Each structure stands twice: as C-alpha cells, then as structure tokens.
>>> print(open('query32.pdb').read())   # PDB, C-alpha atoms and all ligand atoms
ATOM      1  CA  MET A  14      17.312  18.808 -43.076
ATOM      2  CA  VAL A  15      17.365  19.318 -39.341
ATOM      3  CA  THR A  16      20.627  18.779 -37.515
ATOM      4  CA  GLY A  17      21.207  18.938 -33.806
ATOM      5  CA  GLY A  18      19.461  16.498 -31.512
ATOM      6  CA  PRO A  19      19.063  16.376 -27.767
ATOM      7  CA  PRO A  20      21.089  18.660 -25.544
ATOM      8  CA  ARG A  21      24.647  17.605 -25.193
ATOM      9  CA  GLY A  22      25.569  16.598 -21.675
ATOM     10  CA  THR A  23      21.944  15.922 -20.727
ATOM     11  CA  SER A  24      19.584  13.001 -20.999
ATOM     12  CA  GLY A  25      17.591  14.583 -23.810
ATOM     13  CA  ALA A  26      15.202  16.629 -21.737
ATOM     14  CA  ALA A  27      14.273  18.697 -24.770
ATOM     15  CA  GLY A  28      12.314  15.792 -26.197
ATOM     16  CA  GLY A  29       9.147  17.276 -24.775
ATOM     17  CA  SER A  30       9.580  20.479 -26.684
ATOM     18  CA  GLY A  31       7.416  21.231 -29.655
ATOM     19  CA  VAL A  32      10.356  21.645 -32.015
ATOM     20  CA  GLY A  33      10.934  18.243 -33.525
ATOM     21  CA  GLY A  34       9.100  16.638 -30.614
ATOM     22  CA  ALA A  35       5.708  16.510 -28.956
ATOM     23  CA  ALA A  36       3.052  19.200 -29.038
ATOM     24  CA  PRO A  37       3.986  22.384 -27.168
ATOM     25  CA  SER A  38       2.823  22.891 -23.640
ATOM     26  CA  ASP A  39       0.776  25.926 -22.684
ATOM     27  CA  ARG A  40       3.244  28.051 -20.782
ATOM     28  CA  GLN A  41       1.777  31.446 -21.557
ATOM     29  CA  ASP A  42       2.064  34.049 -18.852
ATOM     30  CA  PRO A  43      -1.325  33.875 -17.105
ATOM     31  CA  GLU A  44      -1.278  37.658 -16.700
ATOM     32  CA  ALA A  45      -0.762  38.214 -20.385
ATOM     33  CA  PRO A  46      -3.732  38.768 -22.652
ATOM     34  CA  GLY A  47      -4.071  37.036 -26.000
ATOM     35  CA  ARG A  48      -1.001  35.456 -27.497
ATOM     36  CA  ARG A  49       1.757  37.442 -25.841
ATOM     37  CA  GLU A  50       5.079  35.685 -25.543
ATOM     38  CA  PRO A  51       5.387  32.876 -22.978
ATOM     39  CA  SER A  52       7.530  33.683 -19.941
ATOM     40  CA  ALA A  53       9.733  30.636 -20.436
ATOM     41  CA  PRO A  54       9.245  29.048 -23.872
ATOM     42  CA  GLU A  55      10.399  25.465 -24.134
ATOM     43  CA  SER A  56      11.053  25.946 -27.829
ATOM     44  CA  VAL A  57      11.764  28.915 -30.062
ATOM     45  CA  LEU A  58      12.017  29.044 -33.825
ATOM     46  CA  LEU A  59      14.695  31.553 -34.764
ATOM     47  CA  HIS A  60      14.651  32.786 -38.334
ATOM     48  CA  ALA A  61      18.295  33.213 -39.351
ATOM     49  CA  CYS A  62      19.298  35.751 -41.976
ATOM     50  CA  CYS A  63      22.971  34.775 -41.729
ATOM     51  CA  ALA A  64      25.575  33.275 -39.402
ATOM     52  CA  PRO A  65      27.238  36.407 -37.962
ATOM     53  CA  CYS A  66      23.875  37.907 -36.979
ATOM     54  CA  SER A  67      22.920  34.613 -35.300
ATOM     55  CA  VAL A  68      25.767  34.532 -32.774
ATOM     56  CA  TYR A  69      24.602  37.086 -30.239
ATOM     57  CA  VAL A  70      20.906  36.302 -30.659
ATOM     58  CA  LEU A  71      21.546  32.660 -29.808
ATOM     59  CA  LYS A  72      23.638  33.629 -26.796
ATOM     60  CA  ALA A  73      20.894  35.934 -25.569
ATOM     61  CA  LEU A  74      18.114  33.384 -26.070
ATOM     62  CA  PHE A  75      19.902  30.619 -24.194
ATOM     63  CA  ALA A  76      20.808  33.084 -21.429
ATOM     64  CA  SER A  77      17.180  34.213 -21.082
ATOM     65  CA  PHE A  78      15.635  30.768 -21.424
ATOM     66  CA  PRO A  79      17.971  28.073 -20.062
ATOM     67  CA  GLY A  80      16.842  24.642 -21.176
ATOM     68  CA  THR A  81      14.932  25.867 -24.202
ATOM     69  CA  THR A  82      15.262  24.288 -27.629
ATOM     70  CA  VAL A  83      16.112  26.670 -30.434
ATOM     71  CA  LEU A  84      15.455  25.715 -34.035
ATOM     72  CA  LEU A  85      17.606  27.921 -36.233
ATOM     73  CA  TRP A  86      15.839  28.183 -39.569
ATOM     74  CA  TYR A  87      17.390  29.497 -42.756
ATOM     75  CA  PHE A  88      14.811  31.092 -45.029
ATOM     76  CA  ASN A  89      16.005  33.904 -47.271
ATOM     77  CA  PRO A  90      14.618  33.952 -50.813
ATOM     78  CA  ASN A  91      15.859  37.552 -51.029
ATOM     79  CA  ILE A  92      19.500  36.526 -51.341
ATOM     80  CA  HIS A  93      21.111  36.902 -54.741
ATOM     81  CA  PRO A  94      22.776  35.132 -56.455
ATOM     82  CA  GLY A  95      22.355  31.426 -55.682
ATOM     83  CA  ALA A  96      26.039  31.017 -54.914
ATOM     84  CA  GLU A  97      25.749  33.668 -52.201
ATOM     85  CA  TYR A  98      22.635  31.987 -50.829
ATOM     86  CA  ARG A  99      24.526  28.711 -50.500
ATOM     87  CA  ARG A 100      27.581  30.400 -49.010
ATOM     88  CA  ARG A 101      25.515  31.985 -46.227
ATOM     89  CA  ARG A 102      23.647  28.712 -45.677
ATOM     90  CA  ASP A 103      26.933  26.840 -45.367
ATOM     91  CA  ALA A 104      28.253  29.476 -42.960
ATOM     92  CA  LEU A 105      25.265  28.786 -40.742
ATOM     93  CA  ALA A 106      26.071  25.064 -40.762
ATOM     94  CA  TYR A 107      29.658  25.966 -39.849
ATOM     95  CA  LEU A 108      28.437  28.074 -36.927
ATOM     96  CA  HIS A 109      26.150  25.280 -35.769
ATOM     97  CA  ALA A 110      29.061  22.849 -35.807
ATOM     98  CA  ARG A 111      31.013  25.209 -33.529
ATOM     99  CA  ARG A 112      28.155  25.945 -31.120
ATOM    100  CA  ASP A 113      30.056  24.484 -28.168
ATOM    101  CA  GLU A 114      32.534  27.338 -28.480
ATOM    102  CA  PHE A 115      30.093  30.145 -27.751
ATOM    103  CA  LEU A 116      26.958  28.680 -26.161
ATOM    104  CA  PRO A 117      26.451  27.259 -22.644
ATOM    105  CA  GLU A 118      27.110  23.549 -22.271
ATOM    106  CA  GLY A 119      24.021  21.500 -23.084
ATOM    107  CA  SER A 120      22.360  24.165 -25.233
ATOM    108  CA  ASP A 121      19.871  22.423 -27.507
ATOM    109  CA  LEU A 122      20.423  24.153 -30.823
ATOM    110  CA  ARG A 123      19.048  22.565 -33.964
ATOM    111  CA  LEU A 124      19.512  23.729 -37.518
ATOM    112  CA  ASP A 125      17.107  23.509 -40.431
ATOM    113  CA  VAL A 126      18.339  24.569 -43.855
ATOM    114  CA  SER A 127      15.821  22.529 -45.824
ATOM    115  CA  ALA A 128      13.711  25.401 -47.173
ATOM    116  CA  PRO A 129      13.858  25.464 -50.977
ATOM    117  CA  TYR A 130      15.529  28.490 -52.566
ATOM    118  CA  ARG A 131      12.780  30.481 -54.301
ATOM    119  CA  PRO A 132      14.117  33.919 -55.301
ATOM    120  CA  ASP A 133      11.052  34.405 -57.502
ATOM    121  CA  GLU A 134       8.989  34.783 -54.309
ATOM    122  CA  PHE A 135      11.129  37.712 -53.219
ATOM    123  CA  LEU A 136      11.125  39.338 -56.651
ATOM    124  CA  ALA A 137       7.329  39.141 -56.770
ATOM    125  CA  ALA A 138       7.040  40.638 -53.262
ATOM    126  CA  ALA A 139       9.452  43.502 -54.018
ATOM    127  CA  ALA A 140       8.131  44.280 -57.492
ATOM    128  CA  ALA A 141       5.460  46.727 -56.331
ATOM    129  CA  ASP A 142       8.026  49.060 -54.769
ATOM    130  CA  PRO A 143      11.613  48.052 -55.554
ATOM    131  CA  ARG A 144      13.215  50.965 -53.697
ATOM    132  CA  ARG A 145      14.068  51.314 -50.020
ATOM    133  CA  PRO A 146      12.285  51.244 -47.669
ATOM    134  CA  GLY A 147       9.312  49.739 -49.533
ATOM    135  CA  ARG A 148      11.096  46.675 -50.852
ATOM    136  CA  CYS A 149      12.724  46.036 -47.462
ATOM    137  CA  SER A 150       9.356  46.086 -45.690
ATOM    138  CA  ALA A 151       8.039  43.623 -48.265
ATOM    139  CA  CYS A 152      11.156  41.507 -47.736
ATOM    140  CA  TYR A 153      10.594  41.440 -43.961
ATOM    141  CA  ARG A 154       6.910  40.610 -44.362
ATOM    142  CA  LEU A 155       7.695  37.718 -46.687
ATOM    143  CA  ARG A 156      10.263  36.206 -44.327
ATOM    144  CA  MET A 157       8.290  36.797 -41.125
ATOM    145  CA  ALA A 158       5.114  35.301 -42.598
ATOM    146  CA  ALA A 159       7.083  32.191 -43.519
ATOM    147  CA  ALA A 160       8.693  32.097 -40.061
ATOM    148  CA  ALA A 161       5.313  32.351 -38.331
ATOM    149  CA  ARG A 162       4.014  29.464 -40.406
ATOM    150  CA  LYS A 163       7.136  27.377 -39.841
ATOM    151  CA  ALA A 164       7.030  28.024 -36.073
ATOM    152  CA  ARG A 165       3.435  26.870 -35.898
ATOM    153  CA  GLU A 166       4.121  23.761 -37.966
ATOM    154  CA  ALA A 167       7.173  22.924 -35.847
ATOM    155  CA  GLY A 168       5.209  23.331 -32.620
ATOM    156  CA  ALA A 169       7.450  26.132 -31.340
ATOM    157  CA  GLU A 170       6.126  28.301 -28.516
ATOM    158  CA  ALA A 171       7.502  31.533 -29.971
ATOM    159  CA  PHE A 172       9.489  32.754 -32.946
ATOM    160  CA  SER A 173      11.955  35.520 -33.559
ATOM    161  CA  SER A 174      14.516  36.683 -36.114
ATOM    162  CA  THR A 175      18.207  37.500 -36.230
ATOM    163  CA  LEU A 176      17.207  40.540 -38.281
ATOM    164  CA  LEU A 177      16.593  42.185 -34.887
ATOM    165  CA  TYR A 178      20.353  42.101 -34.258
ATOM    166  CA  SER A 179      21.512  44.068 -37.270
ATOM    167  CA  ARG A 180      22.029  47.797 -37.048
ATOM    168  CA  LYS A 181      21.658  47.942 -40.804
ATOM    169  CA  GLN A 182      18.091  46.656 -40.947
ATOM    170  CA  GLY A 183      14.897  48.612 -40.455
ATOM    171  CA  HIS A 184      14.489  47.493 -36.866
ATOM    172  CA  GLU A 185      10.967  48.757 -36.279
ATOM    173  CA  ALA A 186       9.835  47.432 -39.664
ATOM    174  CA  VAL A 187      11.173  43.983 -38.758
ATOM    175  CA  ARG A 188       9.349  44.133 -35.443
ATOM    176  CA  ALA A 189       6.110  45.224 -37.101
ATOM    177  CA  ALA A 190       6.411  42.467 -39.711
ATOM    178  CA  GLY A 191       7.017  39.820 -37.041
ATOM    179  CA  GLU A 192       4.127  40.914 -34.874
ATOM    180  CA  ALA A 193       1.756  41.211 -37.825
ATOM    181  CA  ALA A 194       2.791  37.781 -39.103
ATOM    182  CA  ALA A 195       2.088  36.207 -35.712
ATOM    183  CA  GLU A 196      -1.295  37.865 -35.595
ATOM    184  CA  GLU A 197      -2.244  36.853 -39.108
ATOM    185  CA  ASP A 198      -0.991  33.293 -38.836
ATOM    186  CA  GLY A 199      -2.662  32.654 -35.495
ATOM    187  CA  GLY A 200       0.224  30.505 -34.265
ATOM    188  CA  PRO A 201       2.898  31.251 -31.657
ATOM    189  CA  PRO A 202       3.746  34.863 -30.754
ATOM    190  CA  PHE A 203       6.634  36.905 -32.070
ATOM    191  CA  LEU A 204       9.392  37.249 -29.499
ATOM    192  CA  TYR A 205      10.716  40.784 -29.737
ATOM    193  CA  ARG A 206      14.037  41.907 -28.282
ATOM    194  CA  ASP A 207      16.390  44.674 -29.285
ATOM    195  CA  PHE A 208      19.340  42.393 -29.933
ATOM    196  CA  ARG A 209      21.344  45.334 -31.280
ATOM    197  CA  GLU A 210      22.570  45.784 -27.716
ATOM    198  CA  GLY A 211      24.924  42.863 -28.365
ATOM    199  CA  TRP A 212      26.293  44.176 -31.653
ATOM    200  CA  LYS A 213      29.902  44.459 -30.484
ATOM    201  CA  GLU A 214      29.946  41.147 -28.633
ATOM    202  CA  GLY A 215      28.395  39.284 -31.553
ATOM    203  CA  ARG A 216      30.893  40.675 -34.009
ATOM    204  CA  GLU A 217      33.823  39.816 -31.751
ATOM    205  CA  ILE A 218      32.708  36.202 -31.320
ATOM    206  CA  ALA A 219      31.954  35.782 -35.026
ATOM    207  CA  GLY A 220      35.402  37.138 -35.809
ATOM    208  CA  ARG A 221      37.079  34.802 -33.321
ATOM    209  CA  LEU A 222      35.264  31.832 -34.855
ATOM    210  CA  ASP A 223      36.181  33.022 -38.352
ATOM    211  CA  VAL A 224      32.539  33.006 -39.480
ATOM    212  CA  PHE A 225      31.956  34.182 -43.039
ATOM    213  CA  ARG A 226      30.587  37.727 -43.107
ATOM    214  CA  GLN A 227      28.945  39.083 -46.238
ATOM    215  CA  ASN A 228      29.409  42.631 -47.479
ATOM    216  CA  TYR A 229      25.890  43.389 -48.730
ATOM    217  CA  CYS A 230      22.416  42.864 -47.322
ATOM    218  CA  GLY A 231      21.327  40.113 -49.653
ATOM    219  CA  CYS A 232      19.277  41.066 -52.687
ATOM    220  CA  LEU A 233      20.394  42.283 -56.071
ATOM    221  CA  TYR A 234      19.105  45.774 -55.258
ATOM    222  CA  GLY A 235      21.150  45.871 -52.085
ATOM    223  CA  GLU A 236      24.261  44.823 -53.937
ATOM    224  CA  LEU A 237      23.713  47.629 -56.430
ATOM    225  CA  ASP A 238      23.220  50.097 -53.551
ATOM    226  CA  ASN A 239      26.757  49.420 -52.286
TER
HETATM  227  S1  LIG B   1      18.246  45.423 -49.015
HETATM  228 FE1  LIG B   1      18.118  43.641 -47.613
HETATM  229  S2  LIG B   1      16.197  43.909 -46.412
HETATM  230 FE2  LIG B   1      16.108  45.283 -48.220
HETATM  231  S3  LIG B   1      15.035  44.072 -49.792
HETATM  232 FE3  LIG B   1      17.230  43.723 -50.122
HETATM  233  S4  LIG B   1      17.731  41.866 -48.931
HETATM  234 FE4  LIG B   1      15.711  42.597 -48.209
END
>>> encode(input="query32.pdb", output="structure tokens")
Amino acid sequence: MVTGGPPRGTSGAAGGSGVGGAAPSDRQDPEAPGRREPSAPESVLLHACCAPCSVYVLKALFASFPGTTVLLWYFNPNIHPGAEYRRRRDALAYLHARRDEFLPEGSDLRLDVSAPYRPDEFLAAAAADPRRPGRCSACYRLRMAAAARKAREAGAEAFSSTLLYSRKQGHEAVRAAGEAAAEEDGGPPFLYRDFREGWKEGREIAGRLDVFRQNYCGCLYGELDN
C-alpha cells in the first residue's frame, strides 16, 4: 500500500519522479565518480524504522532537496512481537497523515507499509551472533539490503534510513551497511547524513504531534537488554 500522491498545492510536478512514476532521470553530479549520490535527487526512498525517528530526517530531506519525492518505506522484520510491529507501522501512518504540520507546504511524501512481516528473516540473520554488536550489524545489513533493492525497484535516485537519526544505533555500522548494500545491489546510491544533529528538534516535534514512541529498539533481544 502506497499512500500520498502528488504534492499538495502543486500541479503534480512529482509525476516525473521515479518513485511511483516514470523512470528516474540521470542527475548524478558530473564531478562524482561511480554511483555517488546525486546533487539534487528527484526521488528518495527513506527506510523508516519508526515514526519518531522519521520526523527530523524528513524535515532535513525536504529542506535539502525542495521538490523531491520521498517514499517512506516501513521494513522492519526485527521488531518483536507482531503487535509492536503493527503499532509502530500504524504510528508511521499517523505521522504521514499529519505531515502538513511539520513539513513545508507541497512536500511530496508517500508512505509504503506493504512489506510483509517476516520475523523469521531477522532471526535467521541474527542467529550466527545473537549478541551486540554482531546481531545489530546483521540487522542493519538485512534492512539496508532490502532498502537498496526496494529503491531500485521503485526507481528512486537515492536511498537512506531513519536509523541514521538515532543516537542509540550503531551509526557507523548503519552507514557501512547502507553503502555496502548500494554497492552490492548496483542500484541507486546510499545517501548518508548524520541526522543525529537534529535529535532534539525531532523529539520536540514528535512530542508535540503526540507520536507514539517505543521504549526498546525492536527485537526480542533488545527488549531483554532493557
Ligand atoms: S537491538 Fe535493535 S538494531 Fe540490534 S538487533 Fe535488535 S532490533 Fe536490530
């Protein structure tokens, strides 16, 4: 399920974007070698771990790339139990419905929560080393590989993750997983930013909007760690 549509207050200029539209244009920086991030991507796939971590990242993306289309994609087989998975998914839909209250007018934000819930994929990935930081690196690799694939299939010009916002995640491991996934998939590049700079602002906005905030990272192991 993808919800959103053309930018509000515009004539639907995002229709030319790769996300949910035509094939992406080649807007790579001509100075940049290989598949480095485009200077002004028309479309970005943003892997979303949860709603509160999405707030500042979305603000930053639309500030950096006015007119871009962002496809917010919920893919988190690590989350346990299923009720928590659905609660975080529904919180993302709630945030999407209130996007006018924290994003610039006309921001083209679309939401896709259609990925099937497959916790067995996470358990298989984490089984080799179920302790931190091994299981977390496996968790990042699993999600970033899926995000790279999804970005390519959606025709996005870059992809990123809200995991780069959290101070509680292994920031460099997330970055490494995203960059490796982009390389291995051969699709669009990983867009790296240190979104932790907006930690305070993101939390304040999420609080004002009364967005559900979880109290553990996501997996059963993480819940036991608390
Ligand atoms: S603690 Fe968080 S990042 Fe680490 S494996 Fe569990 S859900 Fe993934």
>>> residues_around(input="query32.pdb", residues="Pro90 of chain A", least_positions_apart="3", cutoff="8 Å", atoms="all atoms listed in the file", output="list in words")
Tyr130, Arg131, Pro132, Asp133, Glu134 and Phe135 of chain A
>>> write_last_selection(input="query32.pdb", atoms="C-alpha atoms", output="PDB file, in the frame of the given file")
ATOM      1  CA  TYR A 130      15.529  28.490 -52.566  1.00  0.00           C
ATOM      2  CA  ARG A 131      12.780  30.481 -54.301  1.00  0.00           C
ATOM      3  CA  PRO A 132      14.117  33.919 -55.301  1.00  0.00           C
ATOM      4  CA  ASP A 133      11.052  34.405 -57.502  1.00  0.00           C
ATOM      5  CA  GLU A 134       8.989  34.783 -54.309  1.00  0.00           C
ATOM      6  CA  PHE A 135      11.129  37.712 -53.219  1.00  0.00           C
TER       7      PHE A 135
END
>>> closest_atom_pairs(input="query32.pdb", of="chain A", to="ligand LIG 1 (chain B)", cutoff="12 Å", atoms="all atoms listed in the file", output="CSV")
residue,atom,partner,partner_atom,distance
A:Cys62,CA,B:LIG1,S4,9.4
A:Cys63,CA,B:LIG1,S4,11.4
A:Phe88,CA,B:LIG1,S4,11.8
A:Asn89,CA,B:LIG1,S4,8.3
A:Pro90,CA,B:LIG1,S4,8.7
A:Asn91,CA,B:LIG1,S4,5.1
A:Ile92,CA,B:LIG1,S4,6.1
A:His93,CA,B:LIG1,S4,8.4
A:Pro94,CA,B:LIG1,S4,11.3
A:Glu97,CA,B:LIG1,S4,11.9
A:Tyr98,CA,B:LIG1,S4,11.2
A:Pro132,CA,B:LIG1,S4,10.8
A:Glu134,CA,B:LIG1,S3,12.0
A:Phe135,CA,B:LIG1,S3,8.2
A:Leu136,CA,B:LIG1,S3,9.2
A:Ala137,CA,B:LIG1,S3,11.5
A:Ala138,CA,B:LIG1,S3,9.4
A:Ala139,CA,B:LIG1,S3,7.0
A:Ala140,CA,B:LIG1,S3,10.3
A:Ala141,CA,B:LIG1,S3,11.9
A:Asp142,CA,B:LIG1,S3,9.9
A:Pro143,CA,B:LIG1,S3,7.8
A:Arg144,CA,B:LIG1,S3,8.1
A:Arg145,CA,B:LIG1,FE2,6.6
A:Pro146,CA,B:LIG1,FE2,7.1
A:Gly147,CA,B:LIG1,S3,8.1
A:Arg148,CA,B:LIG1,S3,4.8
A:Cys149,CA,B:LIG1,FE2,3.5
A:Ser150,CA,B:LIG1,S2,7.2
A:Ala151,CA,B:LIG1,S3,7.2
A:Cys152,CA,B:LIG1,FE4,4.7
A:Tyr153,CA,B:LIG1,S2,6.6
A:Arg154,CA,B:LIG1,FE4,9.8
A:Leu155,CA,B:LIG1,FE4,9.5
A:Arg156,CA,B:LIG1,FE4,9.3
A:Met157,CA,B:LIG1,FE4,11.8
A:Leu176,CA,B:LIG1,S2,8.9
A:Leu177,CA,B:LIG1,S2,11.7
A:Ser179,CA,B:LIG1,S2,10.6
A:Arg180,CA,B:LIG1,S2,11.7
A:Lys181,CA,B:LIG1,FE1,8.8
A:Gln182,CA,B:LIG1,S2,6.4
A:Gly183,CA,B:LIG1,S2,7.7
A:His184,CA,B:LIG1,S2,10.3
A:Ala186,CA,B:LIG1,S2,9.9
A:Val187,CA,B:LIG1,S2,9.2
A:Ala190,CA,B:LIG1,S2,11.9
A:Gln227,CA,B:LIG1,FE1,11.8
A:Asn228,CA,B:LIG1,FE1,11.3
A:Tyr229,CA,B:LIG1,FE1,7.9
A:Cys230,CA,B:LIG1,FE1,4.4
A:Gly231,CA,B:LIG1,S4,4.1
A:Cys232,CA,B:LIG1,S4,4.1
A:Leu233,CA,B:LIG1,FE3,6.9
A:Tyr234,CA,B:LIG1,FE3,5.8
A:Gly235,CA,B:LIG1,S1,4.2
A:Glu236,CA,B:LIG1,S1,7.8
A:Leu237,CA,B:LIG1,S1,9.5
A:Asp238,CA,B:LIG1,S1,8.2
A:Asn239,CA,B:LIG1,S1,10.0
>>> write_last_selection(input="query32.pdb", atoms="C-alpha atoms", output="PDB file, in the coordinates of the input")
ATOM      1  CA  CYS A  62      19.298  35.751 -41.976  1.00  0.00           C
ATOM      2  CA  CYS A  63      22.971  34.775 -41.729  1.00  0.00           C
ATOM      3  CA  PHE A  88      14.811  31.092 -45.029  1.00  0.00           C
ATOM      4  CA  ASN A  89      16.005  33.904 -47.271  1.00  0.00           C
ATOM      5  CA  PRO A  90      14.618  33.952 -50.813  1.00  0.00           C
ATOM      6  CA  ASN A  91      15.859  37.552 -51.029  1.00  0.00           C
ATOM      7  CA  ILE A  92      19.500  36.526 -51.341  1.00  0.00           C
ATOM      8  CA  HIS A  93      21.111  36.902 -54.741  1.00  0.00           C
ATOM      9  CA  PRO A  94      22.776  35.132 -56.455  1.00  0.00           C
ATOM     10  CA  GLU A  97      25.749  33.668 -52.201  1.00  0.00           C
ATOM     11  CA  TYR A  98      22.635  31.987 -50.829  1.00  0.00           C
ATOM     12  CA  PRO A 132      14.117  33.919 -55.301  1.00  0.00           C
ATOM     13  CA  GLU A 134       8.989  34.783 -54.309  1.00  0.00           C
ATOM     14  CA  PHE A 135      11.129  37.712 -53.219  1.00  0.00           C
ATOM     15  CA  LEU A 136      11.125  39.338 -56.651  1.00  0.00           C
ATOM     16  CA  ALA A 137       7.329  39.141 -56.770  1.00  0.00           C
ATOM     17  CA  ALA A 138       7.040  40.638 -53.262  1.00  0.00           C
ATOM     18  CA  ALA A 139       9.452  43.502 -54.018  1.00  0.00           C
ATOM     19  CA  ALA A 140       8.131  44.280 -57.492  1.00  0.00           C
ATOM     20  CA  ALA A 141       5.460  46.727 -56.331  1.00  0.00           C
ATOM     21  CA  ASP A 142       8.026  49.060 -54.769  1.00  0.00           C
ATOM     22  CA  PRO A 143      11.613  48.052 -55.554  1.00  0.00           C
ATOM     23  CA  ARG A 144      13.215  50.965 -53.697  1.00  0.00           C
ATOM     24  CA  ARG A 145      14.068  51.314 -50.020  1.00  0.00           C
ATOM     25  CA  PRO A 146      12.285  51.244 -47.669  1.00  0.00           C
ATOM     26  CA  GLY A 147       9.312  49.739 -49.533  1.00  0.00           C
ATOM     27  CA  ARG A 148      11.096  46.675 -50.852  1.00  0.00           C
ATOM     28  CA  CYS A 149      12.724  46.036 -47.462  1.00  0.00           C
ATOM     29  CA  SER A 150       9.356  46.086 -45.690  1.00  0.00           C
ATOM     30  CA  ALA A 151       8.039  43.623 -48.265  1.00  0.00           C
ATOM     31  CA  CYS A 152      11.156  41.507 -47.736  1.00  0.00           C
ATOM     32  CA  TYR A 153      10.594  41.440 -43.961  1.00  0.00           C
ATOM     33  CA  ARG A 154       6.910  40.610 -44.362  1.00  0.00           C
ATOM     34  CA  LEU A 155       7.695  37.718 -46.687  1.00  0.00           C
ATOM     35  CA  ARG A 156      10.263  36.206 -44.327  1.00  0.00           C
ATOM     36  CA  MET A 157       8.290  36.797 -41.125  1.00  0.00           C
ATOM     37  CA  LEU A 176      17.207  40.540 -38.281  1.00  0.00           C
ATOM     38  CA  LEU A 177      16.593  42.185 -34.887  1.00  0.00           C
ATOM     39  CA  SER A 179      21.512  44.068 -37.270  1.00  0.00           C
ATOM     40  CA  ARG A 180      22.029  47.797 -37.048  1.00  0.00           C
ATOM     41  CA  LYS A 181      21.658  47.942 -40.804  1.00  0.00           C
ATOM     42  CA  GLN A 182      18.091  46.656 -40.947  1.00  0.00           C
ATOM     43  CA  GLY A 183      14.897  48.612 -40.455  1.00  0.00           C
ATOM     44  CA  HIS A 184      14.489  47.493 -36.866  1.00  0.00           C
ATOM     45  CA  ALA A 186       9.835  47.432 -39.664  1.00  0.00           C
ATOM     46  CA  VAL A 187      11.173  43.983 -38.758  1.00  0.00           C
ATOM     47  CA  ALA A 190       6.411  42.467 -39.711  1.00  0.00           C
ATOM     48  CA  GLN A 227      28.945  39.083 -46.238  1.00  0.00           C
ATOM     49  CA  ASN A 228      29.409  42.631 -47.479  1.00  0.00           C
ATOM     50  CA  TYR A 229      25.890  43.389 -48.730  1.00  0.00           C
ATOM     51  CA  CYS A 230      22.416  42.864 -47.322  1.00  0.00           C
ATOM     52  CA  GLY A 231      21.327  40.113 -49.653  1.00  0.00           C
ATOM     53  CA  CYS A 232      19.277  41.066 -52.687  1.00  0.00           C
ATOM     54  CA  LEU A 233      20.394  42.283 -56.071  1.00  0.00           C
ATOM     55  CA  TYR A 234      19.105  45.774 -55.258  1.00  0.00           C
ATOM     56  CA  GLY A 235      21.150  45.871 -52.085  1.00  0.00           C
ATOM     57  CA  GLU A 236      24.261  44.823 -53.937  1.00  0.00           C
ATOM     58  CA  LEU A 237      23.713  47.629 -56.430  1.00  0.00           C
ATOM     59  CA  ASP A 238      23.220  50.097 -53.551  1.00  0.00           C
ATOM     60  CA  ASN A 239      26.757  49.420 -52.286  1.00  0.00           C
TER      61      ASN A 239
END
>>> closest_residue(input="query32.pdb", among="A:Glu197, A:Arg101, A:Lys72, A:Gly215", to="Asp113 of chain A", atoms="only C-alpha atoms")
A:Lys72
>>> closest_residue(input="query32.pdb", among="A:Ala160, A:Ala76, A:Ala64, A:Val70", to="His109 of chain A", atoms="all atoms listed in the file")
A:Ala64
>>> atom_distance(input="query32.pdb", atom1="atom CA of Gly211 of chain A", atom2="atom CA of Asp121 of chain A")
21.1 Å
>>> resolve_selection(input="query32.pdb", expression="the PyMOL selection byres (((chain A and resi 196) around 12) and not hetatm)", output="ChimeraX atom specification")
/A:47-49,157-158,161-162,165,189-195,197-203
>>> atom_distance(input="query32.pdb", atom1="atom CA of Ser77 of chain A", atom2="atom CA of Ala110 of chain A")
22.1 Å
>>> atom_distance(input="query32.pdb", atom1="atom CA of Ala106 of chain A", atom2="atom CA of Asp125 of chain A")
9.1 Å
>>> resolve_selection(input="query32.pdb", expression="the PyMOL selection byres (((chain A and resi 57) around 6) and not hetatm)", output="PyMOL selection string")
chain A and resi 56+58+83+169-172
>>> closest_residue(input="query32.pdb", among="A:Phe75, A:Trp86, A:Tyr205, A:Tyr69", to="Arg123 of chain A", atoms="only C-alpha atoms")
A:Trp86
>>> resolve_selection(input="query32.pdb", expression="the PyMOL selection byres (((chain A and resi 175) around 6) and not hetatm)", output="PyMOL selection string")
chain A and resi 61+66-67+174+176-178
>>> closest_residue(input="query32.pdb", among="A:Glu214, A:Ala219, A:Leu85, A:Leu204", to="Glu50 of chain A", atoms="all atoms listed in the file")
A:Leu204
>>> closest_residue(input="query32.pdb", among="A:Phe225, A:Tyr107, A:Phe78, A:Phe208", to="Ser120 of chain A", atoms="all atoms listed in the file")
A:Phe78
>>> axis_aligned_box(input="query32.pdb", around="segment 140-158 of chain A", padding_each_side="5 Å", output="lines of an AutoDock Vina configuration file")
center_x = 9.6
center_y = 43.3
center_z = -49.3
size_x = 19.0
size_y = 26.0
size_z = 26.4
>>> closest_residue(input="query32.pdb", among="A:Leu71, A:Arg188, A:Leu59, A:Pro51", to="Phe115 of chain A", atoms="only C-alpha atoms")
A:Leu71
